[in-house]
Amino acid sequence: MAIVAALVLWTLPGLAADNPFLPAQDPVPLAEAIEAERPAFTPPTGVTGISVPHHLLAADLIARGFWAASAGQYDRIILISPDHFHKVSKAFGTTREDLATVFGVLASDTAGVEAVATSALVETLPTIETEHGVMAVAPFAVHFFPEARVIPLLASVNATEADWQAMTELLKPLLTPTTLVVQSTDYSHYRPIGEAVARDQETIAAITARDPAGIDPLLQPAHMDSKGAQYIQLALQRTLGSAPVILANRNSVEYGGSARETTSYVVTAYLRDPAAGVAFDYPDQARTMLAGDVLLGRYFLPALRTPQSWTLLRDTVLGITRRTPLIVNFEGVLLDRPVVGLDFNAHLVMTEDAAPTLTALNIAAASLANNHANDLGPEGLAETVTQLERLGIAPLTHGSVTDMGAFRLLALNFVGGKMVGDAIADAADLGWVCGLHAAPPLVAMVHWGEEYVTAPGAEEQRIADALARCGVTLIVGGHSHQAADSIASLRGGAAQTVFSLGNFIFDQSAPRGSGAFLELRVFKQGTLAARLVPMPNLFDLTRPAPP
């Protein structure tokens, strides 16, 4: 017997509010939502999972998640939902029924359902026709992937982390190259908008950390309505080697709901290739990328002055960033004329060498809060500021806060160097940061730590905690020439830190030098999502082959 109805807690604007079944039964508003979210970019392949809402108030965001996966070919969908109405007496529930929707039937994956149903953790239900966590999402699955078959899975609110782990192991053999894991989840529930935004930031930090163990400490439903669904999604994606990209974070307030009692929505796509996620570009968010140390001189000069090597450098970077605005750490002094008597190893950069690269790569801002920006004293620093401004690049000097539009950026240096003078922060005296007049979110770009390491020491941890206590949402480090491989959460996810982005364009070969991009998405409600994107060693890539 096919399931025909869906119980939906929210209606789309313009529909009869007294008929909660109407949104899922009427194909017109669903089709309009799908068409409205048709992306202006070509969706990437390699999406292995998505997380979407199940409130049809946010039907456009459900469509966004499915559009993100639309380039894939899937014959199996594992659809994980909360058990909203406590129909399941065990840890999980499933059904053998086909799911009938306004866009057609989403057929049952008979073999997959049987594999799940054999577990003592799972109750087989005769029907799930009242579970909107499944039935609000099913029409979109049919529309985008009409040939796919579904394994519906309801996660009980009473299921434990041990149950989630056991279900993950049960589902792993069902993962194939043509499986899409769909997590149906609404996030912060019943909270005033201010608290909801704070909860969302903590949740986003937990998702982007990619550690399933970070989900259990969150609150249900203050952070999300199904921690089990989120845990299983992260655990399965870890098995697949896929990383999350947060595609949206929105609140019911944006749809006209009350600001006193809200529901939040987070849309996520999981991809095997992190760089492919840069393609996701939406008008309701601001995207920026941060990169590490830049020295457009010294031993990098041959590559910059050889057309073939320079073109390879440009095309490699733009192939990853897709011309997303970049913020970098500029290691040196930028002048429009040479200085006599300097050692070749000095961090001196000529504008004629640097300008084509800085312009082509869409560098929007450059931090001068480091141990080499003052190598030629105050005059050299002032000239560097002048040259950057002439190129349309915002110079970020030590201790300054720059308005980047979607966020504010604080530049800080903690490393001594030649003629640094007072352009160095006291790690033991950062209380002044709490008094900054900077609207959130506030990001700190810091120069700190030891060289050639990938993890912070005790002092860097103290600095990060002090900055987080003063309201800094994201701390991004440099100086080590080695890129960190993870993003750490602070204060329960209210803040995050990346120890180092390593080198961007710097004359050090691997493994001595490595680098990564940090993609930053800032949403209208003020939350942000950060993720690391690997990059090759550009010095090695552009060096001429030995004869």
# chains A, B, ... in the order shown; residues from 1 in each chain; ligands from 1
>>> residues_around(residues="Thr185 of chain A", least_positions_apart="4", cutoff="12 Å", atoms="only C-alpha atoms", output="NGL selection string")
:A and (50-56 or 58 or 61-62 or 65 or 79-84 or 132-134 or 136-137 or 154-155 or 189 or 220-221 or 223-231 or 233 or 263-268)
>>> write_last_selection(atoms="C-alpha atoms", output="mmCIF file, in the first residue's frame")
data_model
loop_
_atom_site.group_PDB
_atom_site.id
_atom_site.type_symbol
_atom_site.label_atom_id
_atom_site.label_comp_id
_atom_site.auth_asym_id
_atom_site.auth_seq_id
_atom_site.Cartn_x
_atom_site.Cartn_y
_atom_site.Cartn_z
ATOM 1 C CA ILE A 50 22.955 16.131 1.688
ATOM 2 C CA SER A 51 21.157 17.503 4.740
ATOM 3 C CA VAL A 52 17.893 19.358 4.121
ATOM 4 C CA PRO A 53 14.979 20.719 6.181
ATOM 5 C CA HIS A 54 11.569 19.060 6.345
ATOM 6 C CA HIS A 55 9.504 22.156 7.121
ATOM 7 C CA LEU A 56 7.927 23.021 3.787
ATOM 8 C CA ALA A 58 11.664 26.241 3.691
ATOM 9 C CA LEU A 61 16.139 25.134 0.931
ATOM 10 C CA ILE A 62 15.065 21.520 0.446
ATOM 11 C CA GLY A 65 20.075 20.599 -1.192
ATOM 12 C CA LEU A 79 16.696 8.845 3.980
ATOM 13 C CA ILE A 80 17.241 9.488 7.705
ATOM 14 C CA SER A 81 14.542 11.378 9.619
ATOM 15 C CA PRO A 82 13.541 12.066 13.213
ATOM 16 C CA ASP A 83 10.669 10.039 14.637
ATOM 17 C CA HIS A 84 8.614 13.151 15.385
ATOM 18 C CA HIS A 132 6.760 14.647 7.606
ATOM 19 C CA GLY A 133 10.481 14.154 8.116
ATOM 20 C CA VAL A 134 10.215 11.609 5.306
ATOM 21 C CA ALA A 136 8.065 16.367 2.997
ATOM 22 C CA VAL A 137 11.385 15.363 1.450
ATOM 23 C CA LEU A 154 13.399 6.991 11.527
ATOM 24 C CA ALA A 155 15.683 7.778 14.473
ATOM 25 C CA HIS A 189 13.786 24.727 17.784
ATOM 26 C CA GLN A 220 17.992 18.269 21.270
ATOM 27 C CA PRO A 221 15.970 20.156 20.059
ATOM 28 C CA HIS A 223 20.460 22.619 18.392
ATOM 29 C CA MET A 224 18.593 20.173 16.143
ATOM 30 C CA ASP A 225 15.620 17.817 16.149
ATOM 31 C CA SER A 226 17.641 14.650 15.544
ATOM 32 C CA LYS A 227 21.162 14.262 16.849
ATOM 33 C CA GLY A 228 21.001 10.655 15.715
ATOM 34 C CA ALA A 229 20.441 11.621 12.080
ATOM 35 C CA GLN A 230 23.317 14.107 12.226
ATOM 36 C CA TYR A 231 25.683 11.636 13.895
ATOM 37 C CA GLN A 233 25.382 11.297 8.435
ATOM 38 C CA THR A 263 13.111 27.093 13.839
ATOM 39 C CA SER A 264 16.475 27.133 12.087
ATOM 40 C CA TYR A 265 17.507 25.496 8.835
ATOM 41 C CA VAL A 266 20.946 24.307 7.763
ATOM 42 C CA VAL A 267 21.595 22.843 4.319
ATOM 43 C CA THR A 268 24.754 20.791 3.824
#
>>> select_by_dssp(residues="segment 99-184 of chain A", states="alpha helix (DSSP H)", output="JSON, numbers by chain")
{"A": [110, 111, 112, 113, 114, 115, 116, 117, 132, 133, 134, 135, 138, 139, 140, 141, 142, 143, 144, 161, 162, 163, 164, 165, 166, 167, 168, 169, 170, 171]}
>>> write_last_selection(atoms="N, CA and C atoms", output="PDB file, in the first residue's frame")
ATOM      1  N   THR A 110      14.002  -2.702  -1.648  1.00  0.00           N
ATOM      2  CA  THR A 110      13.600  -3.907  -0.912  1.00  0.00           C
ATOM      3  C   THR A 110      14.776  -4.569  -0.224  1.00  0.00           C
ATOM      4  N   ALA A 111      15.869  -4.767  -0.959  1.00  0.00           N
ATOM      5  CA  ALA A 111      17.027  -5.459  -0.376  1.00  0.00           C
ATOM      6  C   ALA A 111      17.635  -4.628   0.751  1.00  0.00           C
ATOM      7  N   GLY A 112      17.724  -3.318   0.548  1.00  0.00           N
ATOM      8  CA  GLY A 112      18.301  -2.472   1.576  1.00  0.00           C
ATOM      9  C   GLY A 112      17.444  -2.410   2.819  1.00  0.00           C
ATOM     10  N   VAL A 113      16.133  -2.304   2.647  1.00  0.00           N
ATOM     11  CA  VAL A 113      15.230  -2.277   3.797  1.00  0.00           C
ATOM     12  C   VAL A 113      15.307  -3.587   4.574  1.00  0.00           C
ATOM     13  N   GLU A 114      15.361  -4.688   3.862  1.00  0.00           N
ATOM     14  CA  GLU A 114      15.462  -5.989   4.540  1.00  0.00           C
ATOM     15  C   GLU A 114      16.753  -6.091   5.338  1.00  0.00           C
ATOM     16  N   ALA A 115      17.840  -5.563   4.781  1.00  0.00           N
ATOM     17  CA  ALA A 115      19.126  -5.603   5.494  1.00  0.00           C
ATOM     18  C   ALA A 115      19.052  -4.802   6.788  1.00  0.00           C
ATOM     19  N   VAL A 116      18.340  -3.692   6.767  1.00  0.00           N
ATOM     20  CA  VAL A 116      18.185  -2.874   7.964  1.00  0.00           C
ATOM     21  C   VAL A 116      17.200  -3.511   8.928  1.00  0.00           C
ATOM     22  N   ALA A 117      16.092  -4.035   8.391  1.00  0.00           N
ATOM     23  CA  ALA A 117      15.002  -4.545   9.227  1.00  0.00           C
ATOM     24  C   ALA A 117      15.398  -5.768  10.041  1.00  0.00           C
ATOM     25  N   HIS A 132       6.389  13.635   8.586  1.00  0.00           N
ATOM     26  CA  HIS A 132       6.760  14.647   7.606  1.00  0.00           C
ATOM     27  C   HIS A 132       8.266  14.726   7.390  1.00  0.00           C
ATOM     28  N   GLY A 133       9.048  14.191   8.335  1.00  0.00           N
ATOM     29  CA  GLY A 133      10.481  14.154   8.116  1.00  0.00           C
ATOM     30  C   GLY A 133      10.858  13.372   6.880  1.00  0.00           C
ATOM     31  N   VAL A 134      10.030  12.387   6.537  1.00  0.00           N
ATOM     32  CA  VAL A 134      10.215  11.609   5.306  1.00  0.00           C
ATOM     33  C   VAL A 134       9.364  12.183   4.179  1.00  0.00           C
ATOM     34  N   MET A 135       8.078  12.400   4.478  1.00  0.00           N
ATOM     35  CA  MET A 135       7.138  12.686   3.408  1.00  0.00           C
ATOM     36  C   MET A 135       7.261  14.095   2.822  1.00  0.00           C
ATOM     37  N   ALA A 138      10.377  13.411   0.388  1.00  0.00           N
ATOM     38  CA  ALA A 138      10.211  12.396  -0.656  1.00  0.00           C
ATOM     39  C   ALA A 138       9.861  12.979  -2.030  1.00  0.00           C
ATOM     40  N   PRO A 139       8.974  13.996  -2.138  1.00  0.00           N
ATOM     41  CA  PRO A 139       8.683  14.523  -3.477  1.00  0.00           C
ATOM     42  C   PRO A 139       9.914  15.068  -4.191  1.00  0.00           C
ATOM     43  N   PHE A 140      10.810  15.680  -3.463  1.00  0.00           N
ATOM     44  CA  PHE A 140      12.022  16.227  -4.062  1.00  0.00           C
ATOM     45  C   PHE A 140      12.934  15.094  -4.539  1.00  0.00           C
ATOM     46  N   ALA A 141      13.004  14.014  -3.761  1.00  0.00           N
ATOM     47  CA  ALA A 141      13.814  12.868  -4.154  1.00  0.00           C
ATOM     48  C   ALA A 141      13.304  12.271  -5.455  1.00  0.00           C
ATOM     49  N   VAL A 142      11.978  12.164  -5.587  1.00  0.00           N
ATOM     50  CA  VAL A 142      11.383  11.608  -6.812  1.00  0.00           C
ATOM     51  C   VAL A 142      11.645  12.532  -7.996  1.00  0.00           C
ATOM     52  N   HIS A 143      11.478  13.821  -7.766  1.00  0.00           N
ATOM     53  CA  HIS A 143      11.664  14.781  -8.866  1.00  0.00           C
ATOM     54  C   HIS A 143      13.083  14.724  -9.419  1.00  0.00           C
ATOM     55  N   PHE A 144      14.084  14.711  -8.533  1.00  0.00           N
ATOM     56  CA  PHE A 144      15.467  14.775  -8.979  1.00  0.00           C
ATOM     57  C   PHE A 144      16.030  13.413  -9.367  1.00  0.00           C
ATOM     58  N   GLU A 161      24.031   7.189  21.707  1.00  0.00           N
ATOM     59  CA  GLU A 161      25.180   7.240  20.819  1.00  0.00           C
ATOM     60  C   GLU A 161      25.638   5.840  20.426  1.00  0.00           C
ATOM     61  N   ALA A 162      25.525   4.880  21.339  1.00  0.00           N
ATOM     62  CA  ALA A 162      25.866   3.495  20.996  1.00  0.00           C
ATOM     63  C   ALA A 162      24.935   2.969  19.902  1.00  0.00           C
ATOM     64  N   ASP A 163      23.656   3.348  19.968  1.00  0.00           N
ATOM     65  CA  ASP A 163      22.712   2.948  18.925  1.00  0.00           C
ATOM     66  C   ASP A 163      23.087   3.587  17.591  1.00  0.00           C
ATOM     67  N   TRP A 164      23.477   4.859  17.630  1.00  0.00           N
ATOM     68  CA  TRP A 164      23.870   5.540  16.393  1.00  0.00           C
ATOM     69  C   TRP A 164      25.093   4.860  15.775  1.00  0.00           C
ATOM     70  N   GLN A 165      26.035   4.488  16.629  1.00  0.00           N
ATOM     71  CA  GLN A 165      27.226   3.801  16.123  1.00  0.00           C
ATOM     72  C   GLN A 165      26.859   2.468  15.490  1.00  0.00           C
ATOM     73  N   ALA A 166      25.977   1.732  16.146  1.00  0.00           N
ATOM     74  CA  ALA A 166      25.568   0.430  15.619  1.00  0.00           C
ATOM     75  C   ALA A 166      24.846   0.576  14.282  1.00  0.00           C
ATOM     76  N   MET A 167      23.996   1.602  14.166  1.00  0.00           N
ATOM     77  CA  MET A 167      23.295   1.819  12.899  1.00  0.00           C
ATOM     78  C   MET A 167      24.270   2.218  11.801  1.00  0.00           C
ATOM     79  N   THR A 168      25.268   3.004  12.137  1.00  0.00           N
ATOM     80  CA  THR A 168      26.283   3.372  11.156  1.00  0.00           C
ATOM     81  C   THR A 168      26.947   2.121  10.586  1.00  0.00           C
ATOM     82  N   GLU A 169      27.320   1.189  11.464  1.00  0.00           N
ATOM     83  CA  GLU A 169      27.948  -0.052  10.997  1.00  0.00           C
ATOM     84  C   GLU A 169      26.993  -0.868  10.138  1.00  0.00           C
ATOM     85  N   LEU A 170      25.706  -0.828  10.466  1.00  0.00           N
ATOM     86  CA  LEU A 170      24.707  -1.563   9.700  1.00  0.00           C
ATOM     87  C   LEU A 170      24.538  -0.978   8.301  1.00  0.00           C
ATOM     88  N   LEU A 171      24.673   0.346   8.192  1.00  0.00           N
ATOM     89  CA  LEU A 171      24.457   1.004   6.908  1.00  0.00           C
ATOM     90  C   LEU A 171      25.700   1.012   6.010  1.00  0.00           C
TER      91      LEU A 171
END
>>> closest_residue(among="A:Ala369, A:Val105, A:Leu335, A:Ala279", to="Ala354 of chain A", atoms="only C-alpha atoms")
A:Leu335
>>> residues_around(residues="Pro544 of chain A", least_positions_apart="5", cutoff="10 Å", atoms="only C-alpha atoms", output="short mmCIF file (atom, residue, chain, number, x, y, z; two decimals) with N, CA and C atoms, in the first residue's frame")
data_model
loop_
_atom_site.label_atom_id
_atom_site.label_comp_id
_atom_site.auth_asym_id
_atom_site.auth_seq_id
_atom_site.Cartn_x
_atom_site.Cartn_y
_atom_site.Cartn_z
N PRO A 302 61.80 33.60 -10.67
CA PRO A 302 61.82 32.96 -11.98
C PRO A 302 60.45 32.51 -12.46
N ALA A 303 59.64 31.97 -11.55
CA ALA A 303 58.29 31.54 -11.94
C ALA A 303 57.42 32.72 -12.32
N THR A 306 58.48 33.96 -15.85
CA THR A 306 58.41 33.02 -16.96
C THR A 306 56.95 32.82 -17.33
N GLN A 308 55.13 30.75 -19.01
CA GLN A 308 54.53 29.43 -18.86
C GLN A 308 54.31 29.09 -17.38
N SER A 309 55.29 29.37 -16.53
CA SER A 309 55.15 29.08 -15.10
C SER A 309 54.10 29.97 -14.46
N PHE A 539 55.27 26.46 -5.27
CA PHE A 539 56.69 26.62 -5.58
C PHE A 539 57.20 25.41 -6.35
#
>>> atom_distance(atom1="atom CA of Ala209 of chain A", atom2="atom CA of Ala364 of chain A")
27.0 Å
>>> atom_distance(atom1="atom CA of Thr357 of chain A", atom2="atom CA of Lys418 of chain A")
26.3 Å
>>> closest_residue(among="A:Ala360, A:Ala516, A:Leu234, A:Val446", to="Thr311 of chain A", atoms="only C-alpha atoms")
A:Ala360
>>> select_by_dssp(residues="segment 204-326 of chain A", states="strand (DSSP E or B)", output="ChimeraX atom specification")
/A:224,243-251,262-271,285-294,326
>>> write_last_selection(atoms="C-alpha atoms", output="CSV table (one decimal), in the first residue's frame")
chain,number,residue,atom,x,y,z
A,224,MET,CA,18.6,20.2,16.1
A,243,ALA,CA,33.7,16.6,3.7
A,244,PRO,CA,30.8,19.0,4.4
A,245,VAL,CA,30.0,22.3,2.7
A,246,ILE,CA,27.4,24.4,4.4
A,247,LEU,CA,25.1,25.7,1.7
A,248,ALA,CA,22.6,27.7,3.8
A,249,ASN,CA,21.7,28.7,7.3
A,250,ARG,CA,18.4,30.5,7.7
A,251,ASN,CA,15.7,30.9,10.3
A,262,THR,CA,11.8,30.0,15.9
A,263,THR,CA,13.1,27.1,13.8
A,264,SER,CA,16.5,27.1,12.1
A,265,TYR,CA,17.5,25.5,8.8
A,266,VAL,CA,20.9,24.3,7.8
A,267,VAL,CA,21.6,22.8,4.3
A,268,THR,CA,24.8,20.8,3.8
A,269,ALA,CA,26.3,18.9,0.9
A,270,TYR,CA,29.1,16.3,1.4
A,271,LEU,CA,31.7,15.9,-1.3
A,285,GLN,CA,25.6,34.6,1.5
A,286,ALA,CA,29.0,36.2,1.2
A,287,ARG,CA,32.0,34.0,0.2
A,288,THR,CA,35.6,34.8,0.9
A,289,MET,CA,38.7,32.6,0.9
A,290,LEU,CA,41.8,33.1,3.1
A,291,ALA,CA,45.3,31.8,2.2
A,292,GLY,CA,48.7,31.7,3.8
A,293,ASP,CA,52.1,33.4,3.4
A,294,VAL,CA,52.9,35.3,0.2
A,326,LEU,CA,41.2,36.2,-1.4
>>> residues_around(residues="segment 469-482 of chain A", least_positions_apart="3", cutoff="6 Å", atoms="only C-alpha atoms", output="list in words")
Cys434, Leu442, Val443, Ala444, Met445, Val446, His447, Glu450, Glu451, Tyr452, Val453, Thr454, Ala466, Ala495, Gln496, Thr497, Val498, Phe499, Ser500, Leu501, Gly502, Asn503, Gly513 and Ser514 of chain A
>>> closest_residue(among="A:Leu388, A:Ile232, A:Ala366, A:Ala91", to="Ser119 of chain A", atoms="only C-alpha atoms")
A:Ala91
>>> residues_around(residues="Thr48 of chain A", least_positions_apart="3", cutoff="9 Å", atoms="only C-alpha atoms", output="PyMOL selection string")
chain A and resi 69+72+177-182+237+240+242+269-272
>>> residues_around(residues="segment 534-538 of chain A", least_positions_apart="2", cutoff="9 Å", atoms="only C-alpha atoms", output="list of chain:residue names")
A:Pro274, A:Ala275, A:Leu313, A:Thr316, A:Val317, A:Ile320, A:Asp485, A:Asn503, A:Phe504, A:Ile505, A:Phe506, A:Asp507, A:Gln508, A:Ser509, A:Ala510, A:Pro511, A:Gly513, A:Ser514, A:Gly515, A:Ala516, A:Phe517, A:Leu518, A:Leu532, A:Asp540, A:Leu541, A:Thr542, A:Arg543
>>> atom_distance(atom1="atom CA of His398 of chain A", atom2="atom CA of Glu202 of chain A")
28.8 Å
>>> closest_residue(among="A:Thr95, A:Ala206, A:Pro325, A:Glu254", to="Leu218 of chain A", atoms="only C-alpha atoms")
A:Ala206
